[in-house]
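Peer 1: Below is the file structure-v6.txt, with compact mmCIF, C-alpha atoms.
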```
# COMPACT_ATOMS: atom_id res chain seq x y z
CA MET A 1 3.55 10.76 15.15
CA THR A 2 5.30 12.53 12.30
CA ILE A 3 3.69 15.10 10.05
CA THR A 4 5.51 16.38 6.99
CA GLU A 5 5.39 20.05 6.10
CA GLU A 6 4.79 20.83 2.45
CA ARG A 7 5.25 24.43 1.38
CA GLY A 8 4.85 25.70 4.91
CA ARG A 9 1.68 23.71 5.60
CA ALA A 10 1.54 20.70 7.91
CA TYR A 11 -0.83 17.93 6.88
CA GLY A 12 -2.24 15.19 9.08
CA TYR A 13 -4.80 12.43 8.87
CA ARG A 14 -7.72 14.84 9.29
CA ASP A 15 -6.62 16.67 6.16
CA LEU A 16 -6.83 13.61 3.90
CA PRO A 17 -10.55 13.92 2.97
CA GLY A 18 -9.91 17.53 1.95
CA LEU A 19 -6.90 16.53 -0.13
CA MET A 20 -8.93 13.78 -1.80
CA GLY A 21 -11.68 16.33 -2.44
CA LEU A 22 -9.27 18.32 -4.63
CA MET A 23 -9.29 15.44 -7.12
CA THR A 24 -12.29 15.65 -9.42
CA GLY A 25 -13.35 14.06 -12.70
CA ASP A 26 -14.63 10.69 -13.81
CA GLU A 27 -13.48 7.20 -12.87
CA LYS A 28 -12.36 8.11 -9.37
CA HIS A 29 -13.24 4.67 -7.95
CA GLY A 30 -14.19 6.27 -4.65
CA PRO A 31 -14.96 3.08 -2.67
CA ALA A 32 -11.69 1.47 -3.75
CA ALA A 33 -9.80 4.58 -2.68
CA THR A 34 -11.45 5.18 0.67
CA SER A 35 -11.10 1.52 1.66
CA THR A 36 -7.32 1.94 1.65
CA LEU A 37 -7.09 5.35 3.33
CA ASP A 38 -6.37 4.24 6.90
CA VAL A 39 -3.93 1.50 5.91
CA LEU A 40 -1.97 3.90 3.72
CA TRP A 41 -1.85 6.59 6.39
CA VAL A 42 -0.61 4.31 9.16
CA LEU A 43 2.04 2.83 6.87
CA TYR A 44 3.41 6.17 5.67
CA ASP A 45 3.02 7.95 8.99
CA ARG A 46 4.37 5.34 11.37
CA VAL A 47 5.86 2.30 9.66
CA LEU A 48 7.58 2.83 6.30
CA ARG A 49 11.20 3.93 6.38
CA VAL A 50 11.16 6.14 3.31
CA ARG A 51 11.33 9.92 2.95
CA PRO A 52 10.75 12.24 -0.02
CA GLU A 53 14.30 13.60 0.07
CA ARG A 54 15.73 10.06 0.02
CA ALA A 55 13.20 8.29 -2.17
CA ASP A 56 16.00 6.49 -4.07
CA ASP A 57 18.01 5.42 -1.02
CA PRO A 58 18.99 1.74 -1.47
CA GLY A 59 18.23 1.19 2.22
CA ARG A 60 14.65 2.47 2.00
CA ASP A 61 11.57 0.35 2.53
CA ARG A 62 9.73 -0.44 -0.69
CA PHE A 63 5.96 0.10 -0.86
CA LEU A 64 4.19 -1.43 -3.87
CA LEU A 65 0.60 -0.42 -4.56
CA SER A 66 -0.90 -3.45 -6.27
CA LYS A 67 -4.45 -2.29 -5.59
CA GLY A 68 -4.06 0.38 -8.26
CA HIS A 69 -7.75 1.08 -8.81
CA GLY A 70 -8.79 4.27 -7.10
CA PRO A 71 -5.39 5.81 -6.28
CA MET A 72 -6.92 8.97 -4.81
CA ALA A 73 -6.07 7.95 -1.25
CA TYR A 74 -2.52 7.06 -2.31
CA TYR A 75 -2.01 10.45 -3.98
CA ALA A 76 -3.49 12.25 -0.97
CA VAL A 77 -1.11 10.50 1.41
CA LEU A 78 1.88 11.11 -0.87
CA ALA A 79 0.96 14.79 -1.01
CA ALA A 80 0.49 14.99 2.77
CA LYS A 81 3.92 13.45 3.26
CA GLY A 82 5.67 15.69 0.76
CA PHE A 83 6.34 13.24 -2.07
CA VAL A 84 4.20 15.15 -4.57
CA PRO A 85 3.03 18.81 -4.54
CA VAL A 86 -0.50 19.40 -3.32
CA ASP A 87 -1.13 21.60 -6.34
CA TRP A 88 -0.87 18.50 -8.54
CA LEU A 89 -4.04 17.05 -7.02
CA PRO A 90 -6.69 19.16 -8.84
CA GLY A 91 -5.34 17.93 -12.18
CA PHE A 92 -5.89 14.27 -11.26
CA GLY A 93 -6.67 12.15 -14.31
CA SER A 94 -6.29 14.97 -16.84
CA TYR A 95 -4.30 14.56 -20.03
CA ASP A 96 -1.21 16.44 -18.88
CA SER A 97 -1.24 15.40 -15.20
CA PRO A 98 1.34 12.98 -13.78
CA LEU A 99 -1.42 11.65 -11.50
CA GLY A 100 -3.26 9.17 -13.69
CA HIS A 101 -6.14 6.84 -12.90
CA HIS A 102 -3.42 4.26 -12.24
CA PRO A 103 -0.10 5.36 -10.69
CA ASP A 104 2.91 5.48 -13.02
CA ARG A 105 6.29 4.89 -11.38
CA THR A 106 8.02 7.10 -13.97
CA LEU A 107 5.76 10.07 -13.23
CA VAL A 108 4.85 9.85 -9.53
CA PRO A 109 7.69 10.48 -7.04
CA GLY A 110 7.81 7.71 -4.48
CA ALA A 111 5.85 5.17 -6.54
CA GLU A 112 7.83 1.94 -6.86
CA ILE A 113 5.73 0.25 -9.55
CA GLY A 114 3.09 1.10 -12.12
CA SER A 115 -0.30 -0.12 -10.89
CA GLY A 116 -3.52 -1.24 -12.49
CA SER A 117 -3.06 -4.78 -13.75
CA LEU A 118 -4.71 -6.93 -11.09
CA GLY A 119 -2.58 -9.64 -9.56
CA HIS A 120 0.85 -8.31 -10.49
CA GLY A 121 1.91 -6.54 -7.29
CA LEU A 122 2.51 -9.50 -4.98
CA PRO A 123 4.65 -11.41 -7.52
CA ILE A 124 6.70 -8.24 -8.07
CA ALA A 125 7.06 -7.86 -4.30
CA VAL A 126 8.38 -11.43 -4.07
CA GLY A 127 10.93 -10.64 -6.77
CA THR A 128 11.88 -7.41 -5.01
CA ALA A 129 12.46 -9.21 -1.73
CA LEU A 130 14.56 -11.84 -3.50
CA GLY A 131 16.56 -9.14 -5.25
CA LEU A 132 17.29 -7.32 -2.00
CA ARG A 133 18.37 -10.60 -0.42
CA ALA A 134 20.69 -11.34 -3.35
CA ARG A 135 22.27 -7.90 -2.99
CA GLY A 136 22.90 -8.46 0.70
CA LEU A 137 20.48 -5.68 1.73
CA GLY A 138 18.96 -7.12 4.88
CA GLU A 139 17.37 -4.01 6.35
CA PRO A 140 14.86 -2.80 3.71
CA ARG A 141 11.36 -4.19 4.05
CA VAL A 142 9.01 -4.78 1.13
CA TRP A 143 5.35 -3.89 1.58
CA VAL A 144 2.61 -4.59 -0.96
CA LEU A 145 -1.05 -3.53 -0.72
CA THR A 146 -3.64 -5.71 -2.46
CA GLY A 147 -7.40 -6.01 -2.45
CA ASP A 148 -9.40 -9.10 -1.51
CA ALA A 149 -10.87 -9.40 -5.02
CA GLU A 150 -7.39 -9.15 -6.48
CA LEU A 151 -6.54 -12.41 -4.76
CA ASP A 152 -8.87 -14.11 -7.23
CA GLU A 153 -5.96 -13.81 -9.70
CA GLY A 154 -3.89 -16.99 -9.83
CA SER A 155 -0.57 -15.17 -10.01
CA ASN A 156 -1.01 -14.14 -6.38
CA HIS A 157 -1.36 -17.73 -5.24
CA GLU A 158 1.88 -18.70 -6.93
CA ALA A 159 3.59 -15.85 -5.11
CA ILE A 160 2.02 -16.83 -1.77
CA ALA A 161 3.04 -20.47 -2.24
CA PHE A 162 6.63 -19.49 -3.04
CA ALA A 163 7.25 -16.81 -0.42
CA GLY A 164 6.48 -18.93 2.65
CA PRO A 165 8.88 -21.82 2.02
CA ALA A 166 11.49 -19.30 0.76
CA GLY A 167 11.41 -17.63 4.18
CA LEU A 168 11.04 -14.11 2.79
CA ASP A 169 10.73 -12.47 6.19
CA ARG A 170 11.27 -8.95 4.77
CA LEU A 171 8.08 -9.34 2.73
CA HIS A 172 4.84 -7.87 4.08
CA THR A 173 1.42 -7.95 2.44
CA VAL A 174 -1.64 -5.94 3.41
CA VAL A 175 -4.96 -7.24 2.05
CA VAL A 176 -7.78 -4.69 2.24
CA ASP A 177 -10.89 -6.85 2.62
CA ASN A 178 -14.07 -5.01 1.62
CA ALA A 179 -15.98 -8.21 0.81
CA SER A 180 -15.60 -7.82 -2.94
CA ALA A 181 -13.92 -11.16 -3.70
CA ARG A 182 -15.97 -13.61 -5.74
CA HIS A 183 -14.35 -16.83 -4.57
CA ALA A 184 -14.65 -17.91 -0.94
CA ARG A 185 -11.68 -19.42 0.85
CA PRO A 186 -12.05 -22.01 3.63
CA GLY A 187 -11.06 -20.34 6.87
CA GLY A 188 -10.89 -16.89 5.31
CA ILE A 189 -8.11 -14.95 3.62
CA ALA A 190 -5.57 -15.29 6.42
CA ALA A 191 -5.87 -19.09 6.38
CA ARG A 192 -4.73 -19.20 2.75
CA PHE A 193 -1.49 -17.44 3.67
CA GLU A 194 -0.99 -19.46 6.85
CA ALA A 195 -1.28 -22.70 4.88
CA ALA A 196 1.73 -21.55 2.84
CA GLY A 197 3.82 -20.78 5.93
CA TRP A 198 3.09 -17.07 6.38
CA SER A 199 2.53 -15.21 9.62
CA ALA A 200 -1.01 -13.78 9.46
CA LEU A 201 -3.18 -11.35 11.42
CA THR A 202 -6.70 -10.02 10.76
CA VAL A 203 -7.69 -6.61 12.14
CA ASP A 204 -10.17 -3.76 11.81
CA GLY A 205 -8.94 -1.78 8.82
CA ARG A 206 -10.12 1.53 10.33
CA ASP A 207 -8.43 1.09 13.73
CA HIS A 208 -5.06 2.82 13.53
CA GLU A 209 -3.65 1.30 16.70
CA ALA A 210 -4.70 -2.21 15.68
CA LEU A 211 -3.18 -1.69 12.24
CA TYR A 212 0.09 -0.42 13.70
CA ALA A 213 0.33 -3.34 16.12
CA ALA A 214 -0.32 -5.82 13.30
CA PHE A 215 2.14 -4.13 10.95
CA THR A 216 4.91 -4.24 13.54
CA ALA A 217 4.23 -7.71 14.95
CA PRO A 218 7.33 -9.95 14.92
CA HIS A 219 7.42 -12.80 12.41
CA PRO A 220 10.94 -14.26 12.38
CA GLY A 221 11.75 -16.38 9.35
CA ARG A 222 8.36 -15.92 7.70
CA PRO A 223 6.64 -13.40 5.43
CA HIS A 224 3.80 -11.53 7.09
CA VAL A 225 0.27 -10.67 5.96
CA VAL A 226 -2.24 -8.33 7.58
CA VAL A 227 -5.87 -8.64 6.49
CA ALA A 228 -7.50 -5.25 7.07
CA ARG A 229 -11.27 -5.59 7.15
CA VAL A 230 -13.32 -2.54 6.16
CA GLU A 231 -16.98 -1.95 5.40
CA PRO A 232 -18.31 -3.94 2.41
CA LYS A 233 -17.89 -2.21 -0.93
CA HIS A 234 -21.62 -1.99 -1.57
CA ALA A 235 -22.77 -1.42 2.01
```
Let me see whether you can do it: turn the structure in this file into structure tokens.
Peer 2:
Amino acid sequence: MTITEERGRAYGYRDLPGLMGLMTGDEKHGPAATSTLDVLWVLYDRVLRVRPERADDPGRDRFLLSKGHGPMAYYAVLAAKGFVPVDWLPGFGSYDSPLGHHPDRTLVPGAEIGSGSLGHGLPIAVGTALGLRARGLGEPRVWVLTGDAELDEGSNHEAIAFAGPAGLDRLHTVVVDNASARHARPGGIAARFEAAGWSALTVDGRDHEALYAAFTAPHPGRPHVVVARVEPKHA
């Protein structure tokens, strides 16, 4: 397990609550942030092939945060991994801080897209995967993190329906399911993706080993989705 040193200090998973605690102010969207904490850590610690010193490398994996509400966990993980300075965290959400209530790709090192508009991340991820394919870049993987309620947006379903038949096997989606979606789906979230030709797994969103196994499961010729179930938002 890798741990990045930032300014002489090594940060690990146990440090994330403390890093999140440095961010104060209104509109923190705490439940939305904490629901993604374990998924984000496992991805950045063990799965994503991207480093702060090579954040613009054409061969890097792309991580797109579509679930842009409550980016505290995202900022904490980026700080722990050396993408942003820890001393940026206390200014979270302030007028002159680069760390806004929704991440801005022009201000936050390592952020691939601006987040906040629900339903836009998965379509952008499909376009990113298509673009990499067109450029002949077969190694980079595209990862997008969405919420279960975000799947209520129709734009996601168009992206799901396209990606399966297109065989976008470098595309990976993680759906954090905290039971906040308003519209039920027969068979659950994974079944919707499977019906469109995706590989799909559902796991405990707090179990790091289960997440890692699901993230790295083979899925030749098909895009892959992992549904990470966490405690209900209003539990």
Peer 1: By how many Å are CA of Asn178 (chain A) and CA of Ala149 (chain A) apart?
Peer 2: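 A separation of 8.6 Å between them.
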Peer 1: Can you tell me, as a list in words, what residues are no more than 9 Å from region 100-109 of chain A when counting all atoms listed in the file, ignoring any on the same chain fewer than 2 positions away?
Peer 2: Glu27, Lys28, His29, Pro52, Ala55, Leu65, Gly68, His69, Gly70, Pro71, Met72, Tyr74, Tyr75, Leu78, Phe83, Val84, Phe92, Gly93, Ser94, Tyr95, Ser97, Pro98, Ala111, Glu112, Ile113, Gly114, Ser115 and Gly116 of chain A
Peer 1: Skipping near chain neighbours, those fewer than 2 positions away, what residues fall within 9 Å of region 227-231 of chain A using only C-alpha atoms, listed as a list in words?
Peer 2: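 Here the answer would be Ser35, Thr36, Val39, Asp148, Thr173, Val174, Val175, Val176, Asp177, Asn178, Ala179, Ile189, Ala190, Ala200, Leu201, Thr202, Val203, Asp204, Gly205, Arg206, Leu211, Val225, Lys233, His234 and Ala235 of chain A.
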Peer 1: In Å to one decimal, how far is CA of Ala210 (chain A) from CA of Ala125 (chain A)?
Peer 2: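 Pair CA of Ala125 (chain A) / CA of Ala210 (chain A) returns 23.9 Å.
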Peer 1: How far is it from CA of Val77 (chain A) to CA of Leu151 (chain A), in Å with one decimal?
Peer 2: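 A separation of 24.3 Å between them.
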Peer 1: Give the centre and edge lengths of an axis-aligned box, in Å to one decimal, that holds all listed atoms of region 87-101 of chain A with 6 Å on each side, as lines of an AutoDock Vina configuration file.
Peer 2:
```
center_x = -2.7
center_y = 14.2
center_z = -13.2
size_x = 20.0
size_y = 26.8
size_z = 25.7
```
Peer 1: Quick one: residues within 6 Å of Arg222 (chain A), all atoms listed in the file counted, chain neighbours fewer than 6 positions away excluded, as a count of residues only?
Peer 2: 4
Peer 1: Which residue is closest to Trp41 (chain A)? Choose from A:Phe162, A:Phe215, A:Tyr13, A:Trp88 and count all atoms listed in the file.
Peer 2: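 Distance minimum relative to Trp41 (chain A) lands on A:Tyr13.
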Peer 1: Please provide as a PyMOL selection string all residues within 12 Å of Arg54 (chain A), with the sequence filter that same-chain residues fewer than 4 positions apart are discarded (counting all atoms listed in the file).
Peer 2: chain A and resi 49-50+58-61+82-83+109-110
Peer 1: Complete the atom set of region 47-58 of chain A to all heavy atoms and return it as a compact mmCIF listing (two decimals), keeping the file's coordinate frame.
Peer 2:
```txt
# COMPACT_ATOMS: atom_id res chain seq x y z
N VAL A 47 5.21 3.59 9.89
CA VAL A 47 5.86 2.30 9.66
C VAL A 47 6.95 2.37 8.59
O VAL A 47 8.09 1.94 8.83
CB VAL A 47 4.81 1.22 9.26
CG1 VAL A 47 5.50 -0.11 8.97
CG2 VAL A 47 3.78 1.07 10.37
N LEU A 48 6.63 2.87 7.42
CA LEU A 48 7.58 2.83 6.30
C LEU A 48 8.79 3.71 6.56
O LEU A 48 8.66 4.87 6.95
CB LEU A 48 6.89 3.28 5.01
CG LEU A 48 5.80 2.37 4.45
CD1 LEU A 48 5.15 3.02 3.25
CD2 LEU A 48 6.37 1.00 4.08
N ARG A 49 9.95 3.17 6.27
CA ARG A 49 11.20 3.93 6.38
C ARG A 49 11.57 4.45 4.99
O ARG A 49 12.41 3.88 4.29
CB ARG A 49 12.29 3.04 6.97
CG ARG A 49 11.99 2.61 8.40
CD ARG A 49 13.02 1.66 8.96
NE ARG A 49 13.07 0.42 8.21
CZ ARG A 49 13.62 -0.71 8.67
NH1 ARG A 49 14.14 -0.74 9.88
NH2 ARG A 49 13.64 -1.78 7.93
N VAL A 50 10.89 5.50 4.59
CA VAL A 50 11.16 6.14 3.31
C VAL A 50 10.77 7.61 3.44
O VAL A 50 9.76 7.93 4.07
CB VAL A 50 10.37 5.46 2.16
CG1 VAL A 50 8.87 5.50 2.40
CG2 VAL A 50 10.73 6.06 0.81
N ARG A 51 11.59 8.49 2.86
CA ARG A 51 11.33 9.92 2.95
C ARG A 51 11.44 10.53 1.56
O ARG A 51 12.19 10.04 0.72
CB ARG A 51 12.34 10.59 3.89
CG ARG A 51 12.19 10.17 5.34
CD ARG A 51 13.21 10.86 6.22
NE ARG A 51 14.58 10.42 5.88
CZ ARG A 51 15.67 10.95 6.43
NH1 ARG A 51 15.57 11.93 7.31
NH2 ARG A 51 16.86 10.50 6.09
N PRO A 52 10.72 11.63 1.31
CA PRO A 52 10.75 12.24 -0.02
C PRO A 52 12.16 12.62 -0.46
O PRO A 52 12.52 12.42 -1.63
CB PRO A 52 9.87 13.49 0.15
CG PRO A 52 8.98 13.19 1.29
CD PRO A 52 9.78 12.33 2.22
N GLU A 53 12.95 13.14 0.45
CA GLU A 53 14.30 13.60 0.07
C GLU A 53 15.27 12.45 -0.15
O GLU A 53 16.38 12.65 -0.66
CB GLU A 53 14.86 14.55 1.13
CG GLU A 53 15.06 13.95 2.50
CD GLU A 53 13.81 14.01 3.38
OE1 GLU A 53 12.71 14.22 2.83
OE2 GLU A 53 13.95 13.86 4.61
N ARG A 54 14.86 11.23 0.23
CA ARG A 54 15.73 10.06 0.02
C ARG A 54 14.91 8.92 -0.59
O ARG A 54 15.06 7.76 -0.21
CB ARG A 54 16.34 9.62 1.35
CG ARG A 54 17.19 10.71 2.02
CD ARG A 54 17.90 10.19 3.25
NE ARG A 54 18.90 9.17 2.92
CZ ARG A 54 19.60 8.49 3.83
NH1 ARG A 54 19.38 8.70 5.13
NH2 ARG A 54 20.49 7.60 3.45
N ALA A 55 14.11 9.27 -1.57
CA ALA A 55 13.20 8.29 -2.17
C ALA A 55 13.94 7.23 -2.98
O ALA A 55 13.36 6.18 -3.29
CB ALA A 55 12.19 9.00 -3.06
N ASP A 56 15.21 7.47 -3.32
CA ASP A 56 16.00 6.49 -4.07
C ASP A 56 17.07 5.83 -3.22
O ASP A 56 17.95 5.13 -3.75
CB ASP A 56 16.65 7.17 -5.28
CG ASP A 56 15.63 7.66 -6.30
OD1 ASP A 56 14.62 6.97 -6.48
OD2 ASP A 56 15.86 8.73 -6.89
N ASP A 57 17.03 6.02 -1.92
CA ASP A 57 18.01 5.42 -1.02
C ASP A 57 17.93 3.90 -1.11
O ASP A 57 16.85 3.33 -0.92
CB ASP A 57 17.71 5.89 0.41
CG ASP A 57 18.76 5.42 1.41
OD1 ASP A 57 19.54 4.50 1.09
OD2 ASP A 57 18.78 5.97 2.52
N PRO A 58 19.04 3.21 -1.40
CA PRO A 58 18.99 1.74 -1.47
C PRO A 58 18.49 1.09 -0.19
O PRO A 58 17.95 -0.03 -0.22
CB PRO A 58 20.45 1.36 -1.76
CG PRO A 58 21.05 2.56 -2.40
CD PRO A 58 20.38 3.73 -1.73
```
